[in-house]
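Engineer: Sharing input_27.cif, mmCIF, C-alpha atoms:
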```cif
data_my_file
#
loop_
_atom_site.label_atom_id
_atom_site.label_comp_id
_atom_site.auth_asym_id
_atom_site.auth_seq_id
_atom_site.Cartn_x
_atom_site.Cartn_y
_atom_site.Cartn_z
CA MET A 135 0.00 0.00 0.00
CA SER A 136 0.98 3.63 -0.48
CA GLU A 137 3.35 5.24 1.98
CA ARG A 138 1.78 8.65 1.45
CA PRO A 139 0.41 9.86 4.79
CA ASP A 140 -2.60 11.66 3.22
CA LEU A 141 -3.68 8.54 1.37
CA LYS A 142 -3.21 6.41 4.45
CA GLN A 143 -5.36 8.82 6.41
CA ALA A 144 -8.10 8.79 3.78
CA LEU A 145 -8.03 4.99 3.63
CA GLY A 146 -8.18 4.86 7.42
CA ARG A 147 -11.34 6.98 7.37
CA LEU A 148 -12.87 4.70 4.75
CA LEU A 149 -11.87 1.29 6.10
CA GLY A 150 -11.86 2.08 9.81
CA PRO A 151 -9.88 0.30 12.53
CA SER A 152 -8.77 -3.26 11.93
CA ALA A 153 -8.85 -4.15 15.65
CA PRO A 154 -12.08 -5.31 17.33
CA GLU A 155 -14.11 -2.39 18.58
CA VAL A 156 -17.14 -1.65 20.74
CA GLY A 157 -20.16 0.21 19.34
CA CYS A 158 -21.19 3.80 20.08
CA ASP A 159 -23.45 2.84 23.00
CA GLU A 160 -20.77 0.81 24.78
CA CYS A 161 -18.27 3.58 24.09
CA PHE A 162 -20.53 6.12 25.78
CA ALA A 163 -21.15 3.75 28.70
CA GLY A 164 -17.41 3.40 29.40
CA LEU A 165 -16.14 6.83 28.36
CA ASP A 166 -16.09 8.42 31.84
CA ARG A 167 -14.09 5.56 33.32
CA TYR A 168 -11.77 5.44 30.31
CA VAL A 169 -10.95 9.15 30.62
CA GLU A 170 -10.30 8.95 34.36
CA LEU A 171 -7.97 5.96 33.88
CA GLU A 172 -6.14 7.80 31.10
CA LEU A 173 -5.70 10.90 33.24
CA ALA A 174 -4.49 8.76 36.14
CA GLY A 175 -1.85 7.22 33.86
CA GLU A 176 -3.43 3.78 34.16
CA ASP A 177 -3.99 1.27 31.37
CA ALA A 178 -7.39 2.38 30.10
CA ASP A 179 -7.17 0.15 27.03
CA ALA A 180 -6.69 -2.98 29.11
CA ALA A 181 -9.63 -2.03 31.33
CA LEU A 182 -11.92 -1.21 28.42
CA PRO A 183 -10.87 -3.28 25.41
CA GLY A 184 -12.18 -2.14 22.06
CA LEU A 185 -12.90 1.42 23.14
CA ARG A 186 -9.74 2.95 21.67
CA ALA A 187 -10.38 1.21 18.34
CA HIS A 188 -13.86 2.66 18.32
CA LEU A 189 -12.52 6.16 18.97
CA ASP A 190 -10.22 5.65 15.98
CA GLY A 191 -13.18 4.70 13.79
CA CYS A 192 -15.92 7.06 14.99
CA PRO A 193 -15.22 10.80 14.67
CA ALA A 194 -18.22 11.81 16.79
CA CYS A 195 -17.27 9.62 19.75
CA ARG A 196 -13.66 10.71 19.32
CA GLU A 197 -14.64 14.38 19.61
CA GLU A 198 -16.65 13.68 22.73
CA HIS A 199 -13.76 11.76 24.25
CA GLU A 200 -11.44 14.68 23.55
CA SER A 201 -13.88 17.10 25.13
CA LEU A 202 -14.41 15.02 28.26
CA ARG A 203 -10.70 14.51 28.65
CA ALA A 204 -10.04 18.24 28.23
CA LEU A 205 -12.80 19.21 30.66
CA VAL A 206 -11.89 16.74 33.42
CA GLY A 207 -8.15 17.14 32.85
CA GLY A 208 -8.51 20.92 33.08
CA GLU A 209 -10.35 20.65 36.39
CA GLN A 210 -7.73 18.31 37.81
CA ALA A 211 -5.00 20.73 36.83
CA LEU A 212 -6.59 23.53 38.85
CA MET B 1178 -18.29 -6.99 22.12
CA GLU B 1179 -19.09 -6.54 25.77
CA SER B 1180 -17.43 -3.67 27.52
CA ALA B 1181 -15.51 -4.27 30.70
CA ALA B 1182 -17.22 -1.13 32.04
CA LEU B 1183 -20.47 -3.06 32.13
CA THR B 1184 -19.16 -6.21 33.71
CA ARG B 1185 -16.79 -5.09 36.45
CA ALA B 1186 -18.09 -5.10 40.02
CA PRO B 1187 -18.68 -1.60 41.37
CA ARG B 1188 -15.96 -0.11 43.54
CA PRO B 1189 -16.79 1.89 46.66
CA LEU B 1190 -18.08 5.34 45.78
CA ASP B 1191 -15.94 8.33 46.58
CA GLU B 1192 -17.42 10.66 49.17
CA ALA B 1193 -18.33 13.47 46.76
CA SER B 1194 -20.17 11.09 44.43
CA ARG B 1195 -21.97 9.52 47.36
CA GLU B 1196 -23.04 12.98 48.51
CA TRP B 1197 -24.41 13.80 45.05
CA LEU B 1198 -26.50 10.63 45.00
CA ARG B 1199 -27.71 11.18 48.55
CA ALA B 1200 -28.77 14.74 47.74
CA LEU B 1201 -30.47 13.83 44.45
CA ARG B 1202 -32.45 11.06 46.12
CA GLY B 1203 -33.13 12.72 49.44
CA ALA B 1204 -35.19 15.48 50.94
CA GLY B 1205 -32.99 18.25 49.51
CA ARG B 1206 -33.47 17.02 45.97
CA GLU B 1207 -34.71 20.30 44.53
CA GLU B 1208 -31.57 22.18 45.54
CA ALA B 1209 -29.37 19.33 44.31
CA VAL B 1210 -31.09 19.35 40.91
CA VAL B 1211 -30.37 23.08 40.61
CA ARG B 1212 -26.69 22.45 41.40
CA LEU B 1213 -26.60 19.55 38.93
CA HIS B 1214 -28.08 21.74 36.20
CA ALA B 1215 -25.40 24.36 36.84
CA LEU B 1216 -22.72 21.67 36.52
CA LEU B 1217 -24.21 20.42 33.25
CA LEU B 1218 -24.51 23.95 31.90
CA ARG B 1219 -20.83 24.54 32.59
CA ALA B 1220 -19.93 21.39 30.64
CA ALA B 1221 -22.25 22.33 27.76
CA ARG B 1222 -20.72 25.82 27.59
CA PHE B 1223 -17.27 24.25 27.59
CA GLU B 1224 -18.25 22.21 24.51
CA VAL B 1225 -19.81 25.22 22.79
CA ALA B 1226 -16.64 27.24 23.39
CA ARG B 1227 -14.48 24.45 21.96
CA ARG B 1228 -16.55 24.31 18.78
CA ARG B 1229 -17.16 28.02 18.39
CA PRO B 1230 -14.40 28.56 15.79
CA THR B 1231 -16.15 26.07 13.49
CA LEU B 1232 -19.48 27.90 13.80
CA PRO B 1233 -18.74 31.50 12.79
CA HIS B 1234 -22.29 32.07 11.52
CA LEU B 1235 -23.83 31.52 14.97
CA ARG B 1236 -24.25 34.51 17.26
CA GLY B 1237 -23.35 34.45 20.93
CA ASN B 1238 -26.95 34.31 22.13
CA GLU B 1239 -27.69 31.38 19.79
CA LEU B 1240 -24.72 29.51 21.21
CA ASP B 1241 -25.91 30.29 24.75
CA GLU B 1242 -29.35 28.91 23.87
CA ILE B 1243 -27.80 25.72 22.52
CA ALA B 1244 -25.77 25.29 25.71
CA LEU B 1245 -28.87 25.81 27.84
CA GLU B 1246 -30.92 23.34 25.79
CA ALA B 1247 -28.09 20.82 26.03
CA ALA B 1248 -27.93 21.23 29.81
CA ASP B 1249 -31.73 20.84 30.08
CA ASP B 1250 -31.71 17.65 27.99
CA ALA B 1251 -28.68 16.27 29.81
CA LEU B 1252 -30.40 16.89 33.14
CA MET B 1253 -33.38 14.79 32.02
CA SER B 1254 -31.03 12.01 30.85
CA VAL B 1255 -29.00 12.00 34.05
CA LEU B 1256 -32.02 11.98 36.34
CA ALA B 1257 -33.62 9.17 34.31
CA ARG B 1258 -30.41 7.12 34.47
CA LEU B 1259 -29.34 7.80 38.04
CA ASP B 1260 -29.62 4.11 38.92
CA ASP B 1261 -27.21 3.27 36.06
CA PHE B 1262 -24.36 5.12 37.79
CA ARG B 1263 -22.19 2.42 39.31
CA GLY B 1264 -19.32 4.46 40.62
CA LEU B 1265 -16.80 3.43 37.96
CA SER B 1266 -15.84 7.10 37.69
CA ARG B 1267 -16.57 10.17 39.75
CA PHE B 1268 -20.21 11.29 39.55
CA THR B 1269 -19.21 14.62 38.00
CA THR B 1270 -17.23 12.91 35.20
CA TRP B 1271 -20.21 10.63 34.55
CA VAL B 1272 -22.66 13.52 34.24
CA TYR B 1273 -20.34 15.68 32.15
CA LYS B 1274 -20.41 13.18 29.32
CA PHE B 1275 -24.20 13.62 29.00
CA ALA B 1276 -23.88 17.40 28.67
CA LEU B 1277 -20.98 17.17 26.23
CA LEU B 1278 -22.90 14.68 24.08
CA GLU B 1279 -26.06 16.79 24.00
CA ALA B 1280 -24.12 19.94 23.13
CA ALA B 1281 -22.02 18.23 20.46
CA VAL B 1282 -25.04 16.66 18.76
CA LYS B 1283 -26.94 19.96 18.74
CA LEU B 1284 -23.94 21.85 17.34
CA ARG B 1285 -23.29 19.29 14.60
CA ARG B 1286 -26.93 19.41 13.57
CA ARG B 1287 -26.98 23.20 13.65
CA ALA B 1288 -23.88 23.35 11.48
CA TRP B 1289 -25.63 21.21 8.87
CA GLN B 1290 -29.03 22.85 9.14
CA GLY B 1291 -30.38 23.56 5.66
CA ARG B 1292 -27.52 21.75 3.96
CA GLU B 1293 -28.11 18.81 1.70
CA VAL B 1294 -26.64 15.57 3.02
CA PRO B 1295 -24.77 13.93 0.16
CA LEU B 1296 -25.35 10.18 0.03
CA GLU B 1297 -23.55 9.61 -3.27
CA PRO B 1298 -19.82 9.91 -3.85
CA GLU B 1299 -20.01 13.37 -5.42
CA THR B 1300 -16.38 13.89 -4.73
CA TRP B 1301 -13.44 11.71 -3.92
CA SER B 1302 -11.46 14.75 -2.98
CA LEU B 1303 -10.31 13.24 0.29
CA PHE B 1304 -8.06 11.09 -1.84
CA SER B 1305 -6.82 13.95 -3.99
CA SER B 1306 -3.57 15.70 -3.41
CA SER B 1307 -1.86 18.51 -5.20
CA ALA B 1308 1.53 18.34 -6.85
CA LEU B 1309 1.68 14.59 -7.32
CA GLU B 1310 4.45 12.97 -9.23
CA PRO B 1311 3.31 10.97 -12.30
CA ASP B 1312 3.89 7.64 -10.54
CA GLU B 1313 1.87 8.85 -7.56
CA GLN B 1314 -0.96 9.96 -9.84
CA ALA B 1315 -1.05 6.52 -11.41
CA GLU B 1316 -1.02 4.88 -7.98
CA GLN B 1317 -3.88 7.09 -6.83
CA SER B 1318 -6.00 6.42 -9.92
CA GLU B 1319 -5.53 2.69 -9.55
CA LEU B 1320 -6.38 2.80 -5.84
CA LEU B 1321 -9.50 4.87 -6.45
CA ALA B 1322 -10.72 2.54 -9.17
CA THR B 1323 -10.21 -0.49 -6.91
CA LEU B 1324 -12.05 1.15 -4.01
CA ARG B 1325 -14.96 2.37 -6.10
CA ARG B 1326 -15.37 -1.04 -7.72
CA ALA B 1327 -15.31 -2.74 -4.31
CA ILE B 1328 -17.88 -0.31 -2.90
CA GLU B 1329 -20.17 -0.97 -5.86
CA GLU B 1330 -19.74 -4.73 -5.81
CA VAL B 1331 -19.75 -5.87 -2.21
CA LEU B 1332 -21.96 -3.43 -0.28
CA THR B 1333 -25.74 -3.27 -0.08
CA PRO B 1334 -27.29 0.02 -1.26
CA HIS B 1335 -27.87 1.08 2.37
CA GLN B 1336 -24.32 0.20 3.42
CA ARG B 1337 -23.02 2.10 0.40
CA ARG B 1338 -25.02 5.23 1.20
CA VAL B 1339 -23.95 5.19 4.86
CA LEU B 1340 -20.28 4.55 4.12
CA VAL B 1341 -20.14 7.22 1.43
CA ALA B 1342 -21.95 9.83 3.53
CA LEU B 1343 -19.90 9.23 6.69
CA ALA B 1344 -16.46 8.16 5.48
CA VAL B 1345 -16.18 9.84 2.07
CA ASN B 1346 -18.35 12.95 2.28
CA GLY B 1347 -17.68 13.62 5.97
CA VAL B 1348 -21.30 13.95 7.08
CA PRO B 1349 -21.45 13.86 10.91
CA ILE B 1350 -23.10 10.66 12.14
CA ASP B 1351 -25.74 12.50 14.21
CA VAL B 1352 -26.76 14.57 11.18
CA LEU B 1353 -27.15 11.48 9.03
CA ALA B 1354 -29.04 9.68 11.81
CA GLU B 1355 -31.52 12.54 12.00
CA ARG B 1356 -32.05 12.62 8.22
CA LEU B 1357 -32.48 8.84 7.98
CA ASN B 1358 -34.65 8.71 11.10
CA THR B 1359 -32.34 6.33 12.94
CA ASN B 1360 -29.73 6.60 15.70
CA ARG B 1361 -25.96 6.80 16.00
CA GLY B 1362 -25.51 3.22 17.23
CA ALA B 1363 -27.48 1.69 14.37
CA LEU B 1364 -25.67 3.80 11.77
CA TYR B 1365 -22.25 2.95 13.17
CA LYS B 1366 -23.16 -0.75 13.06
CA THR B 1367 -23.96 -0.35 9.36
CA LEU B 1368 -20.69 1.51 8.82
CA HIS B 1369 -18.77 -1.16 10.73
CA ASP B 1370 -20.32 -3.98 8.69
CA ALA B 1371 -19.59 -2.14 5.45
CA ARG B 1372 -15.98 -1.57 6.44
CA ARG B 1373 -15.55 -5.21 7.41
CA LYS B 1374 -16.91 -6.37 4.05
CA LEU B 1375 -14.64 -3.96 2.20
CA ARG B 1376 -11.58 -5.06 4.18
CA ALA B 1377 -12.35 -8.72 3.53
CA HIS B 1378 -12.82 -8.03 -0.16
CA LEU B 1379 -9.74 -5.88 -0.58
CA GLY B 1380 -7.54 -8.21 1.43
CA GLU B 1381 -4.17 -7.65 2.92
CA GLU B 1382 -3.11 -5.11 0.34
CA PHE B 1383 -5.03 -2.46 2.24
CA GLU B 1384 -4.06 -3.52 5.76
#
```
Would you kindly transcribe this structure into C-alpha cells?
Structural biologist:
Amino acid sequence: MSERPDLKQALGRLLGPSAPEVGCDECFAGLDRYVELELAGEDADAALPGLRAHLDGCPACREEHESLRALVGGEQAL
Amino acid sequence: MESAALTRAPRPLDEASREWLRALRGAGREEAVVRLHALLLRAARFEVARRRPTLPHLRGNELDEIALEAADDALMSVLARLDDFRGLSRFTTWVYKFALLEAAVKLRRRAWQGREVPLEPETWSLFSSSALEPDEQAEQSELLATLRRAIEEVLTPHQRRVLVALAVNGVPIDVLAERLNTNRGALYKTLHDARRKLRAHLGEEFE
C-alpha cells in the first residue's frame, strides 16, 4: 500500500480500525471511566478493550472523548 | 463486544459522588437538581466554546441557547439514568459526558441545518492531493478505481449510502441519523459492517 500519509489517512477513514471495537453505545457507557484511567496514567485500554479502536473509527465519539478529557483534565490541573 | 465497564463489580463510591446521589435522592433534591443543572450547563458551555471557531455564523446568544438546551436535555437524561451510575468514575465525570454529548449533537446538527446531506460519492477529494508525481498519480487512480469497484460490488445500497456519507463525504453521524430517522448506534453498526466487508474483499493489500 501507499506510503503517502494523506492517502493512508483517507483509507483509514474509509476502512476504519482493523482491531475489534465496541459500538457507540458501549463507548458512551465506558467513556467516563476510560478518561479517568487515562488521566491517572493507568492502562485504560486494558480495562476497556475495544474502546480505543472505536474512537479511531468514529469521529463523533472521538470528539466527545477529547472534550471530556479536556474538561476533566482541566479541572484536575486547577 | 461486551465492555468491561459493564461487567466489572462496582468499587466503593468516593465521598463526593456519594453525597451527590444522597442529595439527588433525598429530601434536599430540589436544591441538588439546581446544582446539577449548573454543573451540566458549565460542561455544555465548555463544549460550545471548543466548537465556536467552526461555527462562525452563529451569534453568541444562539450559542448560549444551545448550551442551555443541552444542559436541560442532559439533566433529564442524568435523572432518568441515576440508577445506572455504578461508581466506575466520579459522579461529575459521569454527568459531564451527557452534557458534552447533548451539546455536540446539537452543534453538529446546527452546522448542517439547511444543507443537503450527500449520500452519493459526489467527490473523492479526500483522496486527492496537489503536486503529485506521475507515478503517484497513477497509484492514486488505480487505488481509487479499486475502491470504487469494491464499494459498488460488495456493499448493499444502504451500506453504500452510509459509508459514502460518513467516510467519504464527511457527514457527521448525528446529522445522518436525524435525516435517515435512525440513531448513532445503528448507523455505526452499518458503517462497521460495510468496512468489514470492504476489508475482507480488498484483502491484505489495504491492511
Engineer: The PyMOL selection byres ((chain B and resi 1232-1240) around 12) - which residues does that actually catch in the file I just gave you? List them as a list in words.
Structural biologist: Ala1221, Arg1222, Phe1223, Glu1224, Val1225, Ala1226, Arg1227, Arg1228, Arg1229, Pro1230, Thr1231, Asp1241, Glu1242, Ile1243, Ala1244, Leu1245, Glu1246, Ala1247, Ala1280, Ala1281, Lys1283, Leu1284, Arg1285, Arg1286, Arg1287, Ala1288, Trp1289 and Gln1290 of chain B
Engineer: Could you please select, counting all atoms listed in the file, the residues of chain A within 8 Å of chain B and state them as a ChimeraX atom specification?
Structural biologist: /A:135-136,140-141,144,147-150,152,155-160,162-167,170,181-184,192-194,198,201-202,205-206
Engineer: Tell me, in Å to one decimal, how far CA of Asp1370 in chain B is from CA of Asp177 in chain A.
Structural biologist: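 Separating CA of Asp1370 in chain B from CA of Asp177 in chain A is a distance of 28.4 Å.
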Engineer: How many Å lie between CA of Arg1263 in chain B and CA of Leu212 in chain A, rounded to one decimal?
Structural biologist: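 CA of Arg1263 in chain B sits 26.3 Å away from CA of Leu212 in chain A.
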Engineer: Distance CA of Arg1258 in chain B-CA of Pro1189 in chain B, one decimal place?
Structural biologist: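 It comes out at 19.0 Å.
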Engineer: Identify which of the residues B:Ala1315, B:Leu1217, B:Leu1321, B:Ala1354 lies closest to Ala1342 in chain B, counting all atoms listed in the file when measuring atom-to-atom distances.
Structural biologist: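 Under the stated criterion, the closest residue is B:Ala1354.
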